[in-house]
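**Student:** Input file: work12.cif. Contents: mmCIF, C-alpha atoms.
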data_protein
loop_
_atom_site.label_atom_id
_atom_site.label_comp_id
_atom_site.auth_asym_id
_atom_site.auth_seq_id
_atom_site.Cartn_x
_atom_site.Cartn_y
_atom_site.Cartn_z
CA MET X 1179 -67.24 0.23 109.04
CA THR X 1180 -67.82 -1.80 112.20
CA LYS X 1181 -67.37 -0.19 115.62
CA GLY X 1182 -64.21 -2.26 116.13
CA ARG X 1183 -62.69 -1.01 112.89
CA ARG X 1184 -63.67 2.59 113.66
CA THR X 1185 -61.97 2.39 117.06
CA ARG X 1186 -58.87 0.83 115.54
CA SER X 1187 -58.72 3.52 112.90
CA ALA X 1188 -59.12 6.31 115.51
CA ILE X 1189 -56.32 4.79 117.58
CA LEU X 1190 -53.99 4.66 114.58
CA GLU X 1191 -54.78 8.24 113.58
CA THR X 1192 -53.84 9.53 117.04
CA ALA X 1193 -50.80 7.24 117.19
CA LEU X 1194 -49.56 8.46 113.80
CA ALA X 1195 -49.78 12.10 114.92
CA GLU X 1196 -47.81 11.21 118.06
CA ALA X 1197 -45.17 9.29 116.10
CA SER X 1198 -44.79 12.21 113.68
CA THR X 1199 -44.00 14.45 116.65
CA PHE X 1200 -42.20 12.25 119.16
CA GLY X 1201 -41.07 9.21 117.18
CA LEU X 1202 -42.06 5.58 117.53
CA ALA X 1203 -40.16 4.83 120.74
CA GLY X 1204 -42.31 7.31 122.66
CA ILE X 1205 -45.55 5.55 121.66
CA SER X 1206 -47.09 3.58 124.51
CA ILE X 1207 -50.31 1.61 124.63
CA GLY X 1208 -51.00 3.06 128.09
CA GLY X 1209 -50.44 6.64 126.93
CA LEU X 1210 -52.68 6.20 123.91
CA ALA X 1211 -55.39 4.57 126.02
CA ARG X 1212 -55.42 7.58 128.37
CA LYS X 1213 -55.49 10.04 125.49
CA LEU X 1214 -58.32 8.22 123.71
CA GLU X 1215 -60.19 7.41 126.94
CA LEU X 1216 -60.12 3.70 126.18
CA SER X 1217 -59.19 0.89 128.52
CA LYS X 1218 -55.60 -0.27 128.21
CA SER X 1219 -56.78 -3.87 127.81
CA GLY X 1220 -59.24 -2.82 125.08
CA LEU X 1221 -56.47 -1.06 123.19
CA PHE X 1222 -54.13 -3.96 123.76
CA ALA X 1223 -56.74 -6.29 122.20
CA HIS X 1224 -56.51 -4.32 118.96
CA PHE X 1225 -52.74 -4.58 118.58
CA GLY X 1226 -51.36 -7.23 120.91
CA SER X 1227 -47.93 -5.69 121.41
CA LYS X 1228 -46.19 -2.35 121.25
CA GLU X 1229 -44.15 -3.47 118.25
CA SER X 1230 -47.25 -4.59 116.40
CA LEU X 1231 -48.80 -1.17 117.09
CA GLN X 1232 -45.63 0.56 115.85
CA LEU X 1233 -45.67 -1.53 112.66
CA GLN X 1234 -49.35 -0.62 112.16
CA ILE X 1235 -48.46 3.06 112.56
CA LEU X 1236 -45.87 2.78 109.78
CA ALA X 1237 -48.39 0.90 107.64
CA THR X 1238 -50.97 3.65 108.24
CA ALA X 1239 -48.39 6.29 107.26
CA ARG X 1240 -47.59 4.28 104.12
CA ASP X 1241 -51.30 4.09 103.15
CA ARG X 1242 -51.74 7.82 103.70
CA PHE X 1243 -48.58 8.56 101.73
CA VAL X 1244 -49.64 6.45 98.76
CA GLU X 1245 -53.10 8.03 98.85
CA GLY X 1246 -51.89 11.62 99.29
CA VAL X 1247 -48.62 11.73 97.35
CA VAL X 1248 -48.08 8.79 94.99
CA ALA X 1249 -51.60 8.10 93.65
CA PRO X 1250 -52.46 11.74 92.77
CA ALA X 1251 -49.10 12.09 90.98
CA LEU X 1252 -49.79 8.95 88.96
CA ARG X 1253 -53.00 10.61 87.75
CA GLN X 1254 -50.91 13.42 86.23
CA PRO X 1255 -49.53 13.14 82.67
CA ARG X 1256 -46.37 11.04 82.32
CA GLY X 1257 -43.08 12.92 82.42
CA GLU X 1258 -42.26 16.27 83.98
CA PRO X 1259 -45.85 17.01 85.18
CA ARG X 1260 -45.76 13.83 87.24
CA ILE X 1261 -42.36 14.69 88.73
CA ARG X 1262 -43.65 18.14 89.66
CA ALA X 1263 -46.75 16.60 91.21
CA LEU X 1264 -44.60 14.27 93.36
CA PHE X 1265 -42.67 17.30 94.60
CA GLU X 1266 -45.73 19.45 95.34
CA ARG X 1267 -47.62 16.60 96.97
CA TRP X 1268 -44.64 15.77 99.16
CA LEU X 1269 -44.49 19.38 100.38
CA ASP X 1270 -48.23 19.19 101.21
CA TRP X 1271 -47.67 15.85 102.96
CA SER X 1272 -44.93 17.20 105.21
CA ARG X 1273 -47.24 20.03 106.29
CA ALA X 1274 -50.46 17.99 106.59
CA SER X 1275 -52.53 18.75 109.68
CA PHE X 1276 -52.64 15.05 110.60
CA LEU X 1277 -48.82 15.06 110.80
CA PRO X 1278 -48.09 17.77 113.38
CA GLY X 1279 -44.42 16.73 113.57
CA GLY X 1280 -43.88 16.47 109.82
CA CYS X 1281 -43.05 13.43 107.70
CA PRO X 1282 -43.13 10.34 109.95
CA PHE X 1283 -40.59 8.49 107.77
CA ILE X 1284 -37.99 11.22 108.21
CA ALA X 1285 -39.01 11.77 111.84
CA THR X 1286 -38.26 8.13 112.69
CA ALA X 1287 -35.21 7.58 110.44
CA ASN X 1288 -32.60 8.57 113.01
CA GLU X 1289 -34.44 6.74 115.74
CA LEU X 1290 -34.49 3.46 113.82
CA ASP X 1291 -31.23 3.53 111.86
CA ASP X 1292 -29.24 1.91 114.68
CA VAL X 1293 -31.98 -0.46 115.86
CA PRO X 1294 -32.11 -3.65 113.75
CA GLY X 1295 -35.50 -5.36 113.61
CA PRO X 1296 -38.85 -5.41 111.83
CA LEU X 1297 -39.53 -1.67 112.31
CA ARG X 1298 -36.24 -0.66 110.72
CA ASP X 1299 -36.78 -3.23 107.93
CA MET X 1300 -40.20 -1.82 107.18
CA LEU X 1301 -38.99 1.78 107.14
CA VAL X 1302 -36.11 0.84 104.81
CA ASP X 1303 -38.53 -0.97 102.46
CA LEU X 1304 -40.84 2.07 102.42
CA GLN X 1305 -37.95 4.41 101.68
CA ARG X 1306 -36.73 2.13 98.87
CA ASP X 1307 -40.24 2.06 97.40
CA TRP X 1308 -40.31 5.84 97.46
CA LEU X 1309 -36.91 6.10 95.76
CA GLY X 1310 -38.11 3.56 93.22
CA THR X 1311 -41.16 5.73 92.55
CA LEU X 1312 -38.88 8.72 91.96
CA SER X 1313 -36.50 6.77 89.67
CA THR X 1314 -39.43 5.42 87.67
CA ALA X 1315 -40.95 8.88 87.29
CA ALA X 1316 -37.58 10.12 85.99
CA ARG X 1317 -37.26 7.16 83.59
CA ILE X 1318 -40.72 7.94 82.18
CA ALA X 1319 -39.75 11.60 81.76
CA VAL X 1320 -36.71 10.44 79.77
CA GLU X 1321 -38.98 8.25 77.59
CA GLU X 1322 -41.29 11.19 77.04
CA GLY X 1323 -38.34 13.32 75.95
CA HIS X 1324 -38.79 15.75 78.88
CA LEU X 1325 -35.46 14.81 80.46
CA ALA X 1326 -32.15 13.97 78.80
CA ALA X 1327 -31.60 10.43 77.47
CA ALA X 1328 -28.27 10.21 79.32
CA LEU X 1329 -29.85 11.03 82.72
CA ASP X 1330 -28.80 8.77 85.61
CA VAL X 1331 -32.31 8.27 86.99
CA ASP X 1332 -31.14 6.84 90.32
CA GLN X 1333 -28.91 9.85 90.87
CA PHE X 1334 -31.93 12.01 90.00
CA ALA X 1335 -33.99 10.19 92.65
CA TYR X 1336 -31.16 10.66 95.17
CA ASP X 1337 -30.89 14.38 94.39
CA PHE X 1338 -34.68 14.83 94.52
CA TYR X 1339 -34.87 13.17 97.92
CA SER X 1340 -31.91 15.25 99.17
CA LEU X 1341 -33.98 18.39 98.57
CA ILE X 1342 -36.83 16.93 100.56
CA LEU X 1343 -34.65 15.86 103.48
CA ALA X 1344 -33.16 19.35 103.60
CA TYR X 1345 -36.60 20.96 103.45
CA HIS X 1346 -37.70 18.92 106.45
CA HIS X 1347 -34.59 19.81 108.45
CA PHE X 1348 -34.56 23.54 107.67
CA HIS X 1349 -38.31 24.02 107.94
CA ARG X 1350 -38.94 22.04 111.12
CA LEU X 1351 -35.76 22.56 113.13
CA LEU X 1352 -34.37 25.86 111.92
CA GLU X 1353 -37.76 27.39 111.03
CA ASP X 1354 -35.92 29.29 108.32
CA PRO X 1355 -38.54 31.36 106.42
CA MET X 1356 -36.46 31.06 103.24
CA THR X 1357 -36.70 27.25 103.25
CA GLU X 1358 -39.52 26.81 100.76
CA ALA X 1359 -38.05 29.33 98.31
CA ARG X 1360 -34.61 27.69 98.52
CA CYS X 1361 -36.05 24.21 98.12
CA ARG X 1362 -38.10 25.28 95.07
CA ARG X 1363 -35.08 26.95 93.54
CA ALA X 1364 -32.97 23.83 94.05
CA PHE X 1365 -35.77 21.73 92.52
CA GLU X 1366 -35.95 23.92 89.39
CA LEU X 1367 -32.15 23.69 89.02
CA LEU X 1368 -32.34 19.91 89.37
CA LEU X 1369 -34.90 19.70 86.56
CA GLU X 1370 -32.94 22.17 84.43
CA ARG X 1371 -29.76 20.12 84.81
CA ALA X 1372 -31.65 16.89 84.05
CA ARG X 1373 -32.83 18.28 80.72
CA VAL X 1374 -29.34 18.68 79.24
CA MET M 779 -5.97 17.21 134.19
CA THR M 780 -7.38 16.59 137.65
CA LYS M 781 -9.09 13.27 138.42
CA GLY M 782 -12.45 15.08 138.53
CA ARG M 783 -11.96 16.52 135.07
CA ARG M 784 -10.80 13.18 133.69
CA THR M 785 -13.91 11.45 135.02
CA ARG M 786 -16.14 14.20 133.65
CA SER M 787 -14.48 13.91 130.26
CA ALA M 788 -14.85 10.09 130.22
CA ILE M 789 -18.54 10.42 131.10
CA LEU M 790 -19.12 12.90 128.27
CA GLU M 791 -17.28 10.74 125.75
CA THR M 792 -19.50 7.74 126.55
CA ALA M 793 -22.61 9.93 126.66
CA LEU M 794 -21.81 11.45 123.25
CA ALA M 795 -21.47 7.98 121.68
CA GLU M 796 -24.84 7.00 123.19
CA ALA M 797 -26.53 10.21 122.01
CA SER M 798 -25.13 9.66 118.50
CA THR M 799 -26.79 6.24 118.46
CA PHE M 800 -29.97 6.60 120.51
CA GLY M 801 -30.59 10.36 120.75
CA LEU M 802 -30.58 12.64 123.78
CA ALA M 803 -33.88 11.49 125.27
CA GLY M 804 -32.49 8.01 125.86
CA ILE M 805 -29.57 9.32 127.93
CA SER M 806 -30.00 8.65 131.64
CA ILE M 807 -27.67 9.41 134.52
CA GLY M 808 -28.45 5.98 136.00
CA GLY M 809 -27.70 4.19 132.72
CA LEU M 810 -24.41 6.01 132.26
CA ALA M 811 -23.42 5.34 135.87
CA ARG M 812 -23.94 1.59 135.34
CA LYS M 813 -22.02 1.62 132.08
CA LEU M 814 -19.09 3.57 133.54
CA GLU M 815 -19.20 1.72 136.87
CA LEU M 816 -19.60 4.96 138.77
CA SER M 817 -22.07 5.72 141.55
CA LYS M 818 -25.20 7.48 140.39
CA SER M 819 -24.69 10.16 143.04
CA GLY M 820 -21.07 10.66 141.90
CA LEU M 821 -22.20 11.11 138.32
CA PHE M 822 -25.04 13.36 139.41
CA ALA M 823 -22.51 15.56 141.23
CA HIS M 824 -20.76 16.24 137.91
CA PHE M 825 -23.85 17.41 136.05
CA GLY M 826 -26.65 18.15 138.50
CA SER M 827 -29.53 17.37 136.15
CA LYS M 828 -30.32 15.34 133.08
CA GLU M 829 -30.86 18.49 131.04
CA SER M 830 -27.53 19.90 132.13
CA LEU M 831 -25.88 16.61 131.07
CA GLN M 832 -27.68 16.74 127.70
CA LEU M 833 -26.51 20.34 127.15
CA GLN M 834 -22.95 19.27 128.01
CA ILE M 835 -23.20 16.46 125.46
CA LEU M 836 -24.16 18.95 122.75
CA ALA M 837 -21.33 21.24 123.88
CA THR M 838 -18.89 18.32 123.69
CA ALA M 839 -20.13 17.50 120.17
CA ARG M 840 -19.69 21.16 119.21
CA ASP M 841 -16.09 21.21 120.51
CA ARG M 842 -15.25 18.00 118.65
CA PHE M 843 -16.89 19.33 115.49
CA VAL M 844 -14.97 22.60 115.58
CA GLU M 845 -11.74 20.70 116.26
CA GLY M 846 -12.31 17.99 113.63
CA VAL M 847 -14.16 19.80 110.84
CA VAL M 848 -14.06 23.59 111.07
CA ALA M 849 -10.54 24.27 112.38
CA PRO M 850 -8.70 21.97 109.91
CA ALA M 851 -10.66 23.52 107.02
CA LEU M 852 -9.68 27.02 108.18
CA ARG M 853 -6.04 25.95 107.90
CA GLN M 854 -6.58 25.24 104.19
CA PRO M 855 -6.11 28.01 101.57
CA ARG M 856 -9.06 30.41 101.20
CA GLY M 857 -11.57 29.58 98.49
CA GLU M 858 -12.37 26.25 96.89
CA PRO M 859 -9.73 24.23 98.83
CA ARG M 860 -11.39 25.30 102.07
CA ILE M 861 -14.86 24.34 100.80
CA ARG M 862 -13.53 20.94 99.74
CA ALA M 863 -11.90 20.49 103.15
CA LEU M 864 -15.23 21.25 104.90
CA PHE M 865 -16.89 18.58 102.78
CA GLU M 866 -14.19 15.91 103.31
CA ARG M 867 -13.90 16.63 107.00
CA TRP M 868 -17.65 16.40 107.44
CA LEU M 869 -17.67 12.96 105.78
CA ASP M 870 -14.90 11.86 108.18
CA TRP M 871 -16.86 13.32 111.10
CA SER M 872 -20.02 11.38 110.29
CA ARG M 873 -18.00 8.14 110.21
CA ALA M 874 -15.78 8.85 113.23
CA SER M 875 -15.34 5.90 115.58
CA PHE M 876 -16.38 8.03 118.57
CA LEU M 877 -19.75 8.64 116.86
CA PRO M 878 -21.10 5.10 116.31
CA GLY M 879 -24.54 6.44 115.34
CA GLY M 880 -23.27 9.18 113.02
CA CYS M 881 -23.54 12.94 113.31
CA PRO M 882 -25.14 13.77 116.68
CA PHE M 883 -26.63 17.03 115.36
CA ILE M 884 -28.56 15.23 112.63
CA ALA M 885 -29.30 12.29 114.94
CA THR M 886 -31.04 14.58 117.43
CA ALA M 887 -32.70 17.02 114.99
CA ASN M 888 -35.98 15.14 114.65
CA GLU M 889 -36.05 14.37 118.33
CA LEU M 890 -35.72 18.03 119.33
CA ASP M 891 -37.57 19.88 116.57
CA ASP M 892 -40.94 19.63 118.35
CA VAL M 893 -39.60 20.11 121.89
CA PRO M 894 -39.08 23.81 122.73
CA GLY M 895 -36.43 24.51 125.36
CA PRO M 896 -32.72 25.06 125.92
CA LEU M 897 -31.65 21.84 124.11
CA ARG M 898 -33.52 22.75 120.96
CA ASP M 899 -32.22 26.34 121.18
CA MET M 900 -28.65 25.13 121.46
CA LEU M 901 -28.99 22.73 118.55
CA VAL M 902 -30.53 25.45 116.38
CA ASP M 903 -27.68 27.84 117.28
CA LEU M 904 -25.10 25.18 116.41
CA GLN M 905 -26.77 24.47 113.07
CA ARG M 906 -26.94 28.20 112.29
CA ASP M 907 -23.23 28.54 113.11
CA TRP M 908 -22.46 25.68 110.74
CA LEU M 909 -24.53 27.22 107.94
CA GLY M 910 -22.77 30.52 108.63
CA THR M 911 -19.42 28.75 108.28
CA LEU M 912 -20.53 27.34 104.91
CA SER M 913 -21.85 30.72 103.66
CA THR M 914 -18.64 32.45 104.73
CA ALA M 915 -16.50 29.83 102.99
CA ALA M 916 -18.54 30.40 99.82
CA ARG M 917 -18.22 34.21 100.14
CA ILE M 918 -14.44 33.88 100.43
CA ALA M 919 -14.38 31.61 97.37
CA VAL M 920 -16.25 34.35 95.48
CA GLU M 921 -13.69 36.94 96.65
CA GLU M 922 -10.87 34.66 95.53
CA GLY M 923 -12.46 34.34 92.10
CA HIS M 924 -13.03 30.57 92.52
CA LEU M 925 -16.83 30.90 92.49
CA ALA M 926 -19.03 33.24 90.44
CA ALA M 927 -19.54 36.81 91.66
CA ALA M 928 -23.33 36.43 91.35
CA LEU M 929 -23.44 33.33 93.60
CA ASP M 930 -26.15 33.33 96.29
CA VAL M 931 -23.88 32.15 99.09
CA ASP M 932 -26.74 31.30 101.45
CA GLN M 933 -28.34 29.13 98.79
CA PHE M 934 -24.93 27.52 98.31
CA ALA M 935 -24.77 26.75 102.04
CA TYR M 936 -28.31 25.35 101.92
CA ASP M 937 -27.47 23.13 98.93
CA PHE M 938 -24.19 21.99 100.51
CA TYR M 939 -25.96 21.00 103.71
CA SER M 940 -28.69 19.21 101.71
CA LEU M 941 -26.03 16.88 100.33
CA ILE M 942 -24.81 16.13 103.82
CA LEU M 943 -28.28 15.46 105.22
CA ALA M 944 -28.96 13.09 102.33
CA TYR M 945 -25.62 11.34 102.83
CA HIS M 946 -26.48 10.70 106.47
CA HIS M 947 -29.94 9.35 105.61
CA PHE M 948 -28.88 7.09 102.74
CA HIS M 949 -25.71 5.85 104.38
CA ARG M 950 -27.05 5.15 107.84
CA LEU M 951 -30.62 4.07 107.21
CA LEU M 952 -30.62 2.66 103.69
CA GLU M 953 -27.00 1.45 103.79
CA ASP M 954 -26.92 2.15 100.07
CA PRO M 955 -23.37 1.33 98.86
CA MET M 956 -23.70 4.01 96.16
CA THR M 957 -24.22 6.77 98.72
CA GLU M 958 -20.71 8.16 98.85
CA ALA M 959 -20.33 8.16 95.05
CA ARG M 960 -23.70 9.89 94.61
CA CYS M 961 -22.92 12.45 97.29
CA ARG M 962 -19.52 13.23 95.76
CA ARG M 963 -21.06 13.56 92.32
CA ALA M 964 -23.71 15.94 93.63
CA PHE M 965 -20.98 17.96 95.39
CA GLU M 966 -18.92 18.30 92.19
CA LEU M 967 -22.04 19.45 90.32
CA LEU M 968 -22.77 21.98 93.05
CA LEU M 969 -19.27 23.45 92.71
CA GLU M 970 -19.47 23.39 88.93
CA ARG M 971 -22.77 25.27 88.96
CA ALA M 972 -21.40 27.78 91.48
CA ARG M 973 -18.53 28.66 89.14
CA VAL M 974 -20.75 30.03 86.36
#
Output the file's structure as structure tokens, nothing else.
**Tutor:**
Amino acid sequence: MTKGRRTRSAILETALAEASTFGLAGISIGGLARKLELSKSGLFAHFGSKESLQLQILATARDRFVEGVVAPALRQPRGEPRIRALFERWLDWSRASFLPGGCPFIATANELDDVPGPLRDMLVDLQRDWLGTLSTAARIAVEEGHLAAALDVDQFAYDFYSLILAYHHFHRLLEDPMTEARCRRAFELLLERARV
Amino acid sequence: MTKGRRTRSAILETALAEASTFGLAGISIGGLARKLELSKSGLFAHFGSKESLQLQILATARDRFVEGVVAPALRQPRGEPRIRALFERWLDWSRASFLPGGCPFIATANELDDVPGPLRDMLVDLQRDWLGTLSTAARIAVEEGHLAAALDVDQFAYDFYSLILAYHHFHRLLEDPMTEARCRRAFELLLERARV
């Protein structure tokens, strides 16, 4: 990796941690430059604009998510094992040390939902991809005979993601110690219901 | 109502709409003063500090929520009708014209979860009250024989709120036209499961 690429990668790592905690609006090129002890003009040269930096942060989060959640699950056997892997890997993701504020997609959803533009479009595309991954995993589990033939796989994806959204809310805001147990229980019930 | 109280109430109504859309951090006394064509010092006299204004916004949201969601449900018969009323009223709440950005508690959750202080404390208390309302409604439904005696009412409250969090995410960010149907289906399944 060239020095330029290393610097760019270090900037994005710090920026992703900040976005996870404070959202994308709070990200500033000046603030990052101070934190990383780089010149503001040097940092600006890497990204050009605040919006371009914000888009790169989302792209970095997407790459990490694919690498840490989606790809390892795809290496699991088709069907229920893969669905379980998506669930477990997502829990790990939301508690990863490089995401001190939790899942950056959920952390920025309420910030972006009323702000039309490329950032919102990108987040929506990423969320649709994720729901597509969940629907596909459910469809494969139906093919494998692990889940019922009559299963509405899009409803399954919706219900799966509901559990995750709730986990994030209860764990991060309410700090409810029962959160993981409740989320796991709800997940087992979801699978149970999807089998019949 | 005195003129002072009317002005204060108009300020809070505008501020609540803004917080619903852009979060609490984006609220500024100067910005509100411009929008309401009031002097900044006049507006400052009503609230004293930005944090005090933000706390008053949450208190206003709480009052509206109790008035629009909790109180009407408490006027419904004990048991399942009351649980259904909480669900329907919450859907109405999240689409109310005075909340252009949706539920202000969900809209500010990710903003406040990493920021310790009185705002976060108040939001957490409000969310705990709401979960308590849901648990109590479930407990009453058990007493009335509408839901199973063995029901874990706190898990029921958790699952109920999961549906709502997902509704907010899918409806507001993804603008998925299937959201309401999926949410209603998940709610009926939740009730069905809670009966056995």
**Student:** Pick out the chain M residues within 8 Å of chain X. Count all atoms listed in the file. Give them as a ChimeraX atom specification.
**Tutor:** /M:799-801,879,884-892,902,905-906,933,936-937,939-941,943-944,947,950-952,960,964
**Student:** Output C-alpha atoms of each residue in that selection to a file, as a short mmCIF file (atom, residue, chain, number, x, y, z; two decimals), in the frame of the given file.
**Tutor:**
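Written file, again-v7.cif:
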data_model
loop_
_atom_site.label_atom_id
_atom_site.label_comp_id
_atom_site.auth_asym_id
_atom_site.auth_seq_id
_atom_site.Cartn_x
_atom_site.Cartn_y
_atom_site.Cartn_z
CA THR M 799 -26.79 6.24 118.46
CA PHE M 800 -29.97 6.60 120.51
CA GLY M 801 -30.59 10.36 120.75
CA GLY M 879 -24.54 6.44 115.34
CA ILE M 884 -28.56 15.23 112.63
CA ALA M 885 -29.30 12.29 114.94
CA THR M 886 -31.04 14.58 117.43
CA ALA M 887 -32.70 17.02 114.99
CA ASN M 888 -35.98 15.14 114.65
CA GLU M 889 -36.05 14.37 118.33
CA LEU M 890 -35.72 18.03 119.33
CA ASP M 891 -37.57 19.88 116.57
CA ASP M 892 -40.94 19.63 118.35
CA VAL M 902 -30.53 25.45 116.38
CA GLN M 905 -26.77 24.47 113.07
CA ARG M 906 -26.94 28.20 112.29
CA GLN M 933 -28.34 29.13 98.79
CA TYR M 936 -28.31 25.35 101.92
CA ASP M 937 -27.47 23.13 98.93
CA TYR M 939 -25.96 21.00 103.71
CA SER M 940 -28.69 19.21 101.71
CA LEU M 941 -26.03 16.88 100.33
CA LEU M 943 -28.28 15.46 105.22
CA ALA M 944 -28.96 13.09 102.33
CA HIS M 947 -29.94 9.35 105.61
CA ARG M 950 -27.05 5.15 107.84
CA LEU M 951 -30.62 4.07 107.21
CA LEU M 952 -30.62 2.66 103.69
CA ARG M 960 -23.70 9.89 94.61
CA ALA M 964 -23.71 15.94 93.63
#
**Student:** Given the PyMOL selection byres ((chain X and resi 1264) around 9) and the file above, list the residues it selects as a PyMOL selection string.
**Tutor:** chain X and resi 1247-1248+1250-1252+1259-1263+1265-1269+1312+1315
**Student:** Could you tell me which residues the PyMOL selection byres ((chain X and resi 1224) around 10) grabs in this file, written as a PyMOL selection string?
**Tutor:** chain X and resi 1182-1183+1185-1186+1189+1219-1223+1225-1227+1230-1231
**Student:** Just give me the residues with any atom within 12 Å of (-46.3, 5.9, 125.3), file coordinates, counting only C-alpha atoms, written as a list in words.
**Tutor:** Thr1192, Ala1193, Glu1196, Ala1197, Phe1200, Gly1201, Leu1202, Ala1203, Gly1204, Ile1205, Ser1206, Ile1207, Gly1208, Gly1209, Leu1210, Ala1211, Arg1212, Lys1213, Lys1218, Lys1228, Glu1229, Leu1231 and Gln1232 of chain X
**Student:** Just the number, please: distance in Å from atom CA of Thr911 of chain M to atom CA of Ser787 of chain M, one decimal.
**Tutor:**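 If I compute the distance from atom CA of Thr911 of chain M to atom CA of Ser787 of chain M, I get 27.0 Å.
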**Student:** Please measure the separation of atom CA of Ala916 of chain M and atom CA of Glu1358 of chain X, giving the value in Å to one decimal.
**Tutor:**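 Taking atom CA of Ala916 of chain M and atom CA of Glu1358 of chain X, their separation equals 21.3 Å.
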**Student:** Would you work out the distance separating atom CA of Ala1239 of chain X from atom CA of Glu1191 of chain X, expressed in Å to one decimal?
**Tutor:** 9.2 Å
**Student:** Put a box with edges along x, y and z around all the listed atoms of segment 1317-1325 of chain X, pad it by 5 Å on each side, then give me its centre and sizes in Å, one decimal, as JSON.
**Tutor:**
{"center_x": -38.4, "center_y": 11.5, "center_z": 79.8, "size_x": 15.8, "size_y": 18.6, "size_z": 17.6}
**Student:** Which polymer residues have any atom within 7 Å of an atom of His1324 of chain X, counting only C-alpha atoms, with same-chain residues fewer than 3 positions away left out, as a list in words?
**Tutor:**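 In the requested format, the answer is Gly1257, Glu1258, Ala1319, Val1320 and Arg1373 of chain X.
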**Student:** Compare M:Ala788, M:Asp930, M:Glu970, M:Arg842 by their minimum atom-to-atom distance to Thr914 of chain M, counting all atoms listed in the file, and give me the closest one.
**Tutor:**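 Nearest to Thr914 of chain M: M:Asp930.
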**Student:** For segment 866-879 of chain M, where the input has fewer atoms than it should, I would like N, CA and C atoms rebuilt and written as an mmCIF file, in the frame of the given file.
**Tutor:**
data_model
loop_
_atom_site.group_PDB
_atom_site.id
_atom_site.type_symbol
_atom_site.label_atom_id
_atom_site.label_comp_id
_atom_site.auth_asym_id
_atom_site.auth_seq_id
_atom_site.Cartn_x
_atom_site.Cartn_y
_atom_site.Cartn_z
ATOM 1 N N GLU M 866 -14.919 17.147 102.963
ATOM 2 C CA GLU M 866 -14.190 15.910 103.310
ATOM 3 C C GLU M 866 -14.177 15.683 104.816
ATOM 4 N N ARG M 867 -13.951 16.763 105.545
ATOM 5 C CA ARG M 867 -13.900 16.630 107.000
ATOM 6 C C ARG M 867 -15.260 16.247 107.561
ATOM 7 N N TRP M 868 -16.332 16.780 106.944
ATOM 8 C CA TRP M 868 -17.650 16.400 107.440
ATOM 9 C C TRP M 868 -17.905 14.909 107.203
ATOM 10 N N LEU M 869 -17.501 14.406 106.033
ATOM 11 C CA LEU M 869 -17.670 12.960 105.780
ATOM 12 C C LEU M 869 -16.925 12.148 106.849
ATOM 13 N N ASP M 870 -15.677 12.558 107.140
ATOM 14 C CA ASP M 870 -14.900 11.860 108.180
ATOM 15 C C ASP M 870 -15.623 11.914 109.534
ATOM 16 N N TRP M 871 -16.135 13.103 109.844
ATOM 17 C CA TRP M 871 -16.860 13.320 111.100
ATOM 18 C C TRP M 871 -18.021 12.336 111.242
ATOM 19 N N SER M 872 -18.809 12.205 110.189
ATOM 20 C CA SER M 872 -20.020 11.380 110.290
ATOM 21 C C SER M 872 -19.691 9.898 110.404
ATOM 22 N N ARG M 873 -18.412 9.543 110.108
ATOM 23 C CA ARG M 873 -18.000 8.140 110.210
ATOM 24 C C ARG M 873 -16.971 7.932 111.319
ATOM 25 N N ALA M 874 -16.802 8.931 112.172
ATOM 26 C CA ALA M 874 -15.780 8.850 113.230
ATOM 27 C C ALA M 874 -16.128 7.725 114.201
ATOM 28 N N SER M 875 -15.095 7.030 114.692
ATOM 29 C CA SER M 875 -15.340 5.900 115.580
ATOM 30 C C SER M 875 -15.989 6.342 116.899
ATOM 31 N N PHE M 876 -15.761 7.592 117.310
ATOM 32 C CA PHE M 876 -16.380 8.030 118.570
ATOM 33 C C PHE M 876 -17.840 8.444 118.375
ATOM 34 N N LEU M 877 -18.337 8.352 117.138
ATOM 35 C CA LEU M 877 -19.750 8.640 116.860
ATOM 36 C C LEU M 877 -20.391 7.418 116.183
ATOM 37 N N PRO M 878 -20.621 6.345 116.934
ATOM 38 C CA PRO M 878 -21.100 5.100 116.310
ATOM 39 C C PRO M 878 -22.447 5.253 115.615
ATOM 40 N N GLY M 879 -23.231 6.255 115.985
ATOM 41 C CA GLY M 879 -24.540 6.440 115.340
ATOM 42 C C GLY M 879 -24.528 7.576 114.330
#
